[in-house]
Amino acid sequence: MWGDFLRILVFSDSHGNVSALRRALAAQPQASHVFFLGDCLRDIEALEDEFRDKIFHKVSGNCDFAALSPSTAMENLNGTLIFYS
């Protein structure tokens, strides 16, 4: 009835709460893409190896002072263009 659909997770402003990110990621095994919108990039980066079945997209936020990630980005997922910042 619904056909194929894409499940994504969106996070931001984790500010050191890696355990909450881990619980959310574990609770959504069908989510194939994870978007992190900044503020404590190191939190989501700490989980990328643990959740290798997911594709991570991330941008830096206003609290990510020395981050190498851009502050805005776009991804084309199954024909849908997603802008995130």
# chains A, B, ... in the order shown; residues from 1 in each chain; ligands from 1
call {"tool": "closest_atom_pairs", "arguments": {"of": "region 44-82 of chain A", "to": "region 9-19 of chain A", "cutoff": "9 Å", "atoms": "only C-alpha atoms", "output": "CSV"}}
result
residue,atom,partner,partner_atom,distance
A:Ile44,CA,A:Val18,CA,7.3
A:Ala46,CA,A:Val18,CA,7.9
A:Leu47,CA,A:Val18,CA,8.0
A:Gly61,CA,A:Asp13,CA,8.1
A:Cys63,CA,A:Asp13,CA,8.8
call {"tool": "residues_around", "arguments": {"residues": "Leu68 (chain A)", "least_positions_apart": "6", "cutoff": "12 Å", "atoms": "only C-alpha atoms", "output": "list in words"}}
result
Gly38, Leu41, Arg42, Lys58, Val59, Ser60 and Gly61 of chain A
call {"tool": "residues_around", "arguments": {"residues": "Arg7 (chain A)", "least_positions_apart": "6", "cutoff": "8 Å", "atoms": "only C-alpha atoms", "output": "short mmCIF file (atom, residue, chain, number, x, y, z; two decimals) with N, CA and C atoms, in the first residue's frame"}}
result
data_model
loop_
_atom_site.label_atom_id
_atom_site.label_comp_id
_atom_site.auth_asym_id
_atom_site.auth_seq_id
_atom_site.Cartn_x
_atom_site.Cartn_y
_atom_site.Cartn_z
N GLN A 30 15.30 0.87 11.34
CA GLN A 30 14.92 1.02 9.93
C GLN A 30 15.44 2.34 9.33
N ALA A 31 15.85 3.27 10.16
CA ALA A 31 16.36 4.55 9.65
C ALA A 31 17.71 4.32 8.98
N SER A 32 17.80 4.69 7.72
CA SER A 32 19.05 4.47 6.99
C SER A 32 19.94 5.70 6.94
N HIS A 33 19.36 6.88 7.12
CA HIS A 33 20.11 8.13 7.07
C HIS A 33 19.93 8.90 8.37
#
call {"tool": "atom_distance", "arguments": {"atom1": "CA of Ala66 (chain A)", "atom2": "CA of Tyr84 (chain A)"}}
result
19.5 Å
call {"tool": "select_by_dssp", "arguments": {"residues": "chain A", "states": "strand (DSSP E or B)", "output": "tab-separated table (two decimals) with C-alpha atoms, in the first residue's frame"}}
result
chain	number	residue	atom	x	y	z
A	8	ILE	CA	15.60	9.36	8.39
A	9	LEU	CA	16.58	10.61	11.83
A	10	VAL	CA	17.34	14.27	12.52
A	11	PHE	CA	19.31	15.47	15.55
A	33	HIS	CA	20.11	8.13	7.07
A	34	VAL	CA	21.01	10.30	10.06
A	35	PHE	CA	21.17	14.09	9.81
A	36	PHE	CA	22.99	16.00	12.54
A	55	ILE	CA	24.67	6.95	6.52
A	56	PHE	CA	25.55	10.07	8.49
A	57	HIS	CA	25.15	13.60	7.13
A	58	LYS	CA	26.34	16.38	9.39
A	73	ALA	CA	24.70	21.16	3.01
A	74	MET	CA	22.31	19.46	0.58
A	75	GLU	CA	21.66	15.80	-0.12
A	76	ASN	CA	19.57	14.17	-2.83
A	77	LEU	CA	17.84	11.15	-1.31
A	80	THR	CA	14.18	14.46	-2.89
A	81	LEU	CA	16.59	17.32	-2.32
A	82	ILE	CA	17.17	17.97	1.38
A	83	PHE	CA	18.80	21.20	2.52
A	84	TYR	CA	20.08	21.17	6.09
call {"tool": "atom_distance", "arguments": {"atom1": "CA of Phe65 (chain A)", "atom2": "CA of Glu48 (chain A)"}}
result
20.5 Å
call {"tool": "atom_distance", "arguments": {"atom1": "CA of Arg23 (chain A)", "atom2": "CA of Asn78 (chain A)"}}
result
26.7 Å
call {"tool": "decode", "arguments": {"residues": "chain A", "atoms": "C-alpha atoms", "output": "mmCIF file, in the first residue's frame"}}
result
data_model
loop_
_atom_site.group_PDB
_atom_site.id
_atom_site.type_symbol
_atom_site.label_atom_id
_atom_site.label_comp_id
_atom_site.auth_asym_id
_atom_site.auth_seq_id
_atom_site.Cartn_x
_atom_site.Cartn_y
_atom_site.Cartn_z
ATOM 1 C CA MET A 1 0.000 0.000 0.000
ATOM 2 C CA TRP A 2 2.632 2.534 1.009
ATOM 3 C CA GLY A 3 5.421 1.266 -1.216
ATOM 4 C CA ASP A 4 9.026 1.902 -0.382
ATOM 5 C CA PHE A 5 9.776 4.811 1.868
ATOM 6 C CA LEU A 6 12.892 6.337 3.347
ATOM 7 C CA ARG A 7 13.206 6.706 7.095
ATOM 8 C CA ILE A 8 15.604 9.363 8.388
ATOM 9 C CA LEU A 9 16.585 10.607 11.828
ATOM 10 C CA VAL A 10 17.341 14.267 12.522
ATOM 11 C CA PHE A 11 19.306 15.465 15.545
ATOM 12 C CA SER A 12 20.811 18.706 16.759
ATOM 13 C CA ASP A 13 22.182 20.328 19.885
ATOM 14 C CA SER A 14 23.180 17.135 21.689
ATOM 15 C CA HIS A 15 25.665 19.048 23.885
ATOM 16 C CA GLY A 16 27.391 15.953 25.259
ATOM 17 C CA ASN A 17 24.384 13.654 25.616
ATOM 18 C CA VAL A 18 25.802 10.769 23.576
ATOM 19 C CA SER A 19 23.704 8.230 25.484
ATOM 20 C CA ALA A 20 20.460 9.870 24.281
ATOM 21 C CA LEU A 21 21.715 9.785 20.684
ATOM 22 C CA ARG A 22 22.702 6.139 21.072
ATOM 23 C CA ARG A 23 19.256 5.194 22.448
ATOM 24 C CA ALA A 24 17.469 7.013 19.625
ATOM 25 C CA LEU A 25 19.657 5.387 16.962
ATOM 26 C CA ALA A 26 19.154 1.928 18.477
ATOM 27 C CA ALA A 27 15.379 2.484 18.694
ATOM 28 C CA GLN A 28 15.151 3.199 14.951
ATOM 29 C CA PRO A 29 16.863 0.310 13.154
ATOM 30 C CA GLN A 30 14.922 1.025 9.929
ATOM 31 C CA ALA A 31 16.359 4.552 9.649
ATOM 32 C CA SER A 32 19.051 4.470 6.991
ATOM 33 C CA HIS A 33 20.114 8.130 7.074
ATOM 34 C CA VAL A 34 21.013 10.301 10.056
ATOM 35 C CA PHE A 35 21.173 14.092 9.808
ATOM 36 C CA PHE A 36 22.990 15.997 12.537
ATOM 37 C CA LEU A 37 22.426 19.751 12.482
ATOM 38 C CA GLY A 38 25.284 20.804 14.669
ATOM 39 C CA ASP A 39 26.304 21.717 18.179
ATOM 40 C CA CYS A 40 28.642 19.065 19.503
ATOM 41 C CA LEU A 41 29.572 17.229 16.323
ATOM 42 C CA ARG A 42 31.906 15.058 18.380
ATOM 43 C CA ASP A 43 28.811 13.424 19.919
ATOM 44 C CA ILE A 44 27.480 12.052 16.634
ATOM 45 C CA GLU A 45 30.985 11.302 15.347
ATOM 46 C CA ALA A 46 31.515 9.093 18.400
ATOM 47 C CA LEU A 47 28.623 6.886 17.221
ATOM 48 C CA GLU A 48 29.406 6.551 13.507
ATOM 49 C CA ASP A 49 31.571 3.447 14.012
ATOM 50 C CA GLU A 50 28.961 1.876 16.266
ATOM 51 C CA PHE A 51 26.141 2.328 13.730
ATOM 52 C CA ARG A 52 27.881 1.434 10.465
ATOM 53 C CA ASP A 53 24.578 0.449 8.840
ATOM 54 C CA LYS A 54 23.510 4.122 8.754
ATOM 55 C CA ILE A 55 24.668 6.953 6.516
ATOM 56 C CA PHE A 56 25.552 10.067 8.492
ATOM 57 C CA HIS A 57 25.146 13.603 7.132
ATOM 58 C CA LYS A 58 26.344 16.379 9.387
ATOM 59 C CA VAL A 59 26.910 20.101 9.522
ATOM 60 C CA SER A 60 28.542 22.224 12.172
ATOM 61 C CA GLY A 61 26.576 24.473 14.486
ATOM 62 C CA ASN A 62 27.365 27.696 16.289
ATOM 63 C CA CYS A 63 29.028 25.776 19.174
ATOM 64 C CA ASP A 64 31.304 23.711 16.890
ATOM 65 C CA PHE A 65 34.126 26.248 16.843
ATOM 66 C CA ALA A 66 36.954 24.241 15.257
ATOM 67 C CA ALA A 67 34.828 21.847 13.189
ATOM 68 C CA LEU A 68 35.850 21.005 9.643
ATOM 69 C CA SER A 69 32.263 20.238 8.587
ATOM 70 C CA PRO A 70 30.383 22.887 6.613
ATOM 71 C CA SER A 71 27.537 24.810 8.280
ATOM 72 C CA THR A 72 25.076 24.042 5.452
ATOM 73 C CA ALA A 73 24.698 21.161 3.012
ATOM 74 C CA MET A 74 22.309 19.465 0.578
ATOM 75 C CA GLU A 75 21.661 15.802 -0.121
ATOM 76 C CA ASN A 76 19.567 14.172 -2.826
ATOM 77 C CA LEU A 77 17.840 11.147 -1.312
ATOM 78 C CA ASN A 78 15.738 9.097 -3.703
ATOM 79 C CA GLY A 79 14.959 12.159 -5.811
ATOM 80 C CA THR A 80 14.177 14.460 -2.887
ATOM 81 C CA LEU A 81 16.594 17.320 -2.318
ATOM 82 C CA ILE A 82 17.166 17.966 1.379
ATOM 83 C CA PHE A 83 18.805 21.203 2.519
ATOM 84 C CA TYR A 84 20.076 21.168 6.089
ATOM 85 C CA SER A 85 21.784 23.718 8.270
#
